[in-house]
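The structure file structure_35.txt is reproduced below (compact mmCIF, C-alpha atoms).
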```txt
# COMPACT_ATOMS: atom_id res chain seq x y z
CA MET A 141 -176.23 -197.48 -35.48
CA LYS A 142 -179.36 -195.52 -36.41
CA PHE A 143 -180.37 -195.31 -32.75
CA THR A 144 -176.96 -193.90 -31.77
CA CYS A 145 -177.02 -191.27 -34.56
CA ALA A 146 -180.57 -190.25 -33.67
CA ARG A 147 -179.61 -189.93 -30.02
CA SER A 148 -176.55 -187.82 -30.94
CA LEU A 149 -178.69 -185.50 -33.09
CA CYS A 150 -181.23 -185.07 -30.30
CA PHE A 151 -178.44 -184.34 -27.83
CA ALA A 152 -176.89 -181.76 -30.18
CA ALA A 153 -180.27 -180.13 -30.85
CA ALA A 154 -180.91 -179.82 -27.13
CA TRP A 155 -177.54 -178.18 -26.42
CA MET A 156 -177.31 -175.84 -29.43
CA PRO A 157 -179.47 -173.06 -27.93
CA LEU A 158 -177.34 -173.10 -24.78
CA LEU A 159 -174.12 -172.89 -26.76
CA ALA A 160 -175.49 -170.02 -28.85
CA THR A 161 -176.03 -167.88 -25.74
CA ALA A 162 -172.54 -168.64 -24.42
CA GLN A 163 -170.66 -166.62 -27.03
CA THR A 164 -167.54 -164.80 -25.94
CA VAL A 165 -167.27 -161.10 -26.79
CA PRO A 166 -164.49 -160.83 -29.42
CA LEU A 167 -162.64 -157.90 -27.84
CA GLN A 168 -159.00 -157.86 -26.80
CA PRO A 169 -158.68 -157.74 -23.02
CA GLY A 170 -157.12 -154.49 -21.83
CA GLU A 171 -157.67 -150.94 -20.62
CA TYR A 172 -160.53 -149.18 -22.42
CA GLU A 173 -161.48 -145.53 -22.48
CA VAL A 174 -165.28 -145.45 -22.31
CA THR A 175 -167.56 -142.49 -22.96
CA ALA A 176 -171.22 -142.76 -21.92
CA TRP A 177 -174.13 -140.51 -22.84
CA ALA A 178 -177.35 -141.14 -20.91
CA THR A 179 -180.87 -139.98 -21.72
CA PHE A 180 -183.65 -140.33 -19.14
CA SER A 181 -187.37 -140.55 -19.91
CA ASN A 182 -188.18 -137.90 -17.28
CA VAL A 183 -185.57 -135.35 -18.46
CA GLN A 184 -185.76 -133.47 -21.75
CA GLU A 185 -182.06 -132.79 -22.22
CA GLU A 186 -179.24 -135.26 -22.69
CA ALA A 187 -176.78 -135.47 -19.83
CA LYS A 188 -173.18 -134.44 -20.43
CA PRO A 189 -170.94 -137.31 -21.50
CA ASP A 190 -169.18 -139.22 -18.77
CA LYS A 191 -165.68 -140.49 -19.62
CA ASN A 192 -163.73 -143.05 -17.66
CA THR A 193 -161.32 -145.94 -18.13
CA ARG A 194 -161.87 -149.56 -17.24
CA CYS A 195 -160.00 -152.82 -17.40
CA ILE A 196 -161.82 -155.48 -19.41
CA LYS A 197 -160.35 -158.82 -18.37
CA ALA A 198 -160.48 -162.05 -20.36
CA GLU A 199 -163.04 -163.48 -17.92
CA ASP A 200 -165.32 -160.45 -18.47
CA LEU A 201 -165.62 -161.37 -22.15
CA ALA A 202 -167.71 -164.44 -21.30
CA ASN A 203 -170.57 -162.20 -20.07
CA VAL A 204 -171.95 -159.52 -22.43
CA GLU A 205 -173.62 -157.78 -19.48
CA ALA A 206 -170.20 -157.35 -17.85
CA VAL A 207 -168.86 -155.65 -21.01
CA PHE A 208 -171.68 -153.57 -22.54
CA ASN A 209 -172.73 -151.85 -19.36
CA ASN A 210 -171.93 -148.52 -17.73
CA ARG A 211 -172.36 -149.77 -14.15
CA PHE A 212 -168.56 -149.98 -13.78
CA MET A 213 -168.45 -146.14 -13.74
CA ALA A 214 -170.25 -146.17 -10.40
CA GLY A 215 -168.15 -149.02 -9.06
CA PHE A 216 -170.88 -151.64 -9.49
CA LYS A 217 -170.62 -155.04 -11.14
CA ALA A 218 -173.03 -156.39 -13.74
CA ASP A 219 -176.48 -157.18 -12.35
CA ALA A 220 -176.47 -160.91 -11.57
CA SER A 221 -180.28 -161.05 -11.89
CA CYS A 222 -180.11 -160.34 -15.64
CA LYS A 223 -180.91 -163.20 -18.03
CA VAL A 224 -179.51 -162.67 -21.54
CA SER A 225 -181.44 -163.87 -24.58
CA GLY A 226 -181.20 -163.50 -28.35
CA LEU A 227 -177.45 -162.90 -28.27
CA ALA A 228 -176.05 -162.31 -31.75
CA ILE A 229 -172.39 -161.47 -32.31
CA GLY A 230 -170.97 -161.43 -35.82
CA ASN A 231 -170.00 -159.33 -38.82
CA GLY A 232 -168.91 -156.49 -36.52
CA LYS A 233 -172.29 -156.29 -34.76
CA VAL A 234 -173.68 -157.24 -31.37
CA SER A 235 -177.27 -157.38 -30.15
CA TYR A 236 -179.15 -159.01 -27.30
CA SER A 237 -181.94 -158.57 -24.78
CA SER A 238 -181.57 -158.89 -21.04
CA ASP A 239 -184.36 -159.41 -18.54
CA CYS A 240 -183.27 -157.98 -15.20
CA GLN A 241 -185.00 -157.66 -11.83
CA TYR A 242 -185.93 -153.99 -12.27
CA SER A 243 -185.76 -153.47 -16.04
CA SER A 244 -185.91 -155.00 -19.49
CA VAL A 245 -182.81 -154.14 -21.49
CA ARG A 246 -182.01 -154.09 -25.21
CA VAL A 247 -178.44 -153.64 -26.50
CA ASP A 248 -177.52 -153.02 -30.16
CA GLY A 249 -174.24 -151.87 -31.62
CA THR A 250 -170.99 -152.47 -33.42
CA LEU A 251 -167.64 -153.81 -32.33
CA SER A 252 -164.15 -154.62 -33.54
CA SER A 253 -161.30 -156.35 -31.75
CA ASP A 254 -160.37 -153.13 -29.90
CA SER A 255 -163.48 -150.92 -29.78
CA PHE A 256 -167.24 -150.90 -29.49
CA SER A 257 -170.20 -148.56 -29.77
CA VAL A 258 -173.55 -149.70 -28.38
CA VAL A 259 -176.87 -148.24 -27.33
CA ARG A 260 -178.26 -149.77 -24.15
CA THR A 261 -181.97 -149.11 -23.63
CA ALA A 262 -183.38 -150.03 -20.21
CA LYS A 263 -187.16 -149.95 -19.72
CA SER A 264 -188.23 -149.86 -16.09
CA LYS A 265 -190.54 -152.61 -14.86
CA ALA A 266 -191.90 -150.35 -12.11
CA SER A 267 -195.06 -148.36 -12.67
CA GLY A 268 -193.96 -144.79 -13.28
CA GLY A 269 -190.32 -145.88 -13.42
CA ILE A 270 -187.68 -144.07 -15.43
CA ASP A 271 -186.46 -145.49 -18.75
CA VAL A 272 -182.79 -144.93 -19.56
CA SER A 273 -181.01 -145.00 -22.91
CA THR A 274 -177.22 -145.04 -22.71
CA LYS A 275 -174.80 -144.81 -25.62
CA LEU A 276 -171.42 -146.34 -24.83
CA GLN A 277 -168.33 -145.81 -26.99
CA ALA A 278 -165.09 -147.51 -26.02
CA LYS A 279 -161.59 -147.79 -27.44
CA ARG A 280 -158.76 -149.97 -26.17
CA ILE A 281 -155.85 -147.81 -25.00
CA GLY A 282 -153.43 -150.49 -23.82
CA ALA A 283 -152.90 -153.21 -21.28
CA CYS A 284 -154.73 -153.11 -17.95
CA LYS A 285 -152.95 -151.08 -15.30
```
Take the structure from the file and write it as structure tokens.
Amino acid sequence: MKFTCARSLCFAAAWMPLLATAQTVPLQPGEYEVTAWATFSNVQEEAKPDKNTRCIKAEDLANVEAVFNNRFMAGFKADASCKVSGLAIGNGKVSYSSDCQYSSVRVDGTLSSDSFSVVRTAKSKASGGIDVSTKLQAKRIGACK
């Protein structure tokens, strides 16, 4: 019996880190109005806010990079090269890091069941590359169209 319990504990210990990174974003699926403000390291002034709507589907909620990202505004999907680490979701807060092909990303913010506000800071991996900080605010406005 001791051998079986020890084996079960080892198995659980090995899988816990994987389960911790597989958290689902606790937002309601639906149509969200998203406003994004971007600041670039090579430009002194903040760009004008960009406002758009997007449908966040239930399957999107399994990938934080698919939710807390402004790539949808340009018609792109989340960068598949990104590897998320340090994901923490709880008490109305979200934070994580993401190592992508061209940048290292840090996301910190707040969320409820129908809104979120995050700052997404992307540091370029290229020498002389441009760093981008994007503030995203979103509010659910109804069901997806």
Quote the spacing between atom CA of A:Ser238 and atom CA of A:Glu205 in Å to one decimal place. 8.2 Å
Might you pull out every residue within 12 Å of A:Glu199, with all atoms listed in the file counted and same-chain residues fewer than 3 positions away left off, and present them as a PyMOL selection string? chain A and resi 164-170+195-196+202-204+206-207
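Using all atoms listed in the file, the smallest distance between any of A:Val258, A:Ile270, A:Val224, A:Cys240 and A:Val174 comes from A:Val258.
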From the list A:Gln277, A:Asn209, A:Asn231, A:Gln163, which residue is nearest A:Ser255 when using only C-alpha atoms?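 Checking each of A:Gln277, A:Asn209, A:Asn231, A:Gln163 against A:Ser255, counting only C-alpha atoms, the winner is A:Gln277.
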Which is closer to A:Ala220 than all the others in A:Ser267, A:Ser235, A:Gln241, A:Thr179, using all atoms listed in the file?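 Once distances to A:Ala220 are computed over all atoms listed in the file, the minimum belongs to A:Gln241.
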Separation of atom CA of A:Lys285 from atom CA of A:Ala176, in Å and rounded to one decimal: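 Computed distance, atom CA of A:Lys285 to atom CA of A:Ala176, equals 21.1 Å.
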9 Å contact set for A:Arg246, all atoms listed in the file, chain neighbours under 2 positions out, as JSON, numbers by chain: {"A": [235, 236, 237, 238, 239, 244, 248, 259, 260, 261, 262, 263]}
Could you save the residues just selected, with C-alpha atoms, as an mmCIF file, in the coordinates of the input?
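Listing of out.cif after writing:
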```cif
data_model
loop_
_atom_site.group_PDB
_atom_site.id
_atom_site.type_symbol
_atom_site.label_atom_id
_atom_site.label_comp_id
_atom_site.auth_asym_id
_atom_site.auth_seq_id
_atom_site.Cartn_x
_atom_site.Cartn_y
_atom_site.Cartn_z
ATOM 1 C CA SER A 235 -177.270 -157.380 -30.150
ATOM 2 C CA TYR A 236 -179.150 -159.010 -27.300
ATOM 3 C CA SER A 237 -181.940 -158.570 -24.780
ATOM 4 C CA SER A 238 -181.570 -158.890 -21.040
ATOM 5 C CA ASP A 239 -184.360 -159.410 -18.540
ATOM 6 C CA SER A 244 -185.910 -155.000 -19.490
ATOM 7 C CA ASP A 248 -177.520 -153.020 -30.160
ATOM 8 C CA VAL A 259 -176.870 -148.240 -27.330
ATOM 9 C CA ARG A 260 -178.260 -149.770 -24.150
ATOM 10 C CA THR A 261 -181.970 -149.110 -23.630
ATOM 11 C CA ALA A 262 -183.380 -150.030 -20.210
ATOM 12 C CA LYS A 263 -187.160 -149.950 -19.720
#
```
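Shortest separation to A:Lys265 among A:Tyr172, A:Tyr242, A:Phe208, A:Trp177 occurs at residue A:Tyr242, atoms counted being only C-alpha atoms.
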Could you work out how far atom CA of A:Lys275 lies from atom CA of A:Gln184, giving the answer in Å with one decimal? 16.2 Å
Find, counting all atoms listed in the file, the residue in A:Leu251, A:Val245, A:Ala187, A:Ala278 that gets nearest to A:Gly232.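 For A:Gly232, the nearest of the candidates is A:Leu251.
Comparing A:Leu276, A:Gly282, A:Ser257, A:Ala178 by their smallest distance to A:Asn192, the closest is A:Leu276 (using all atoms listed in the file).
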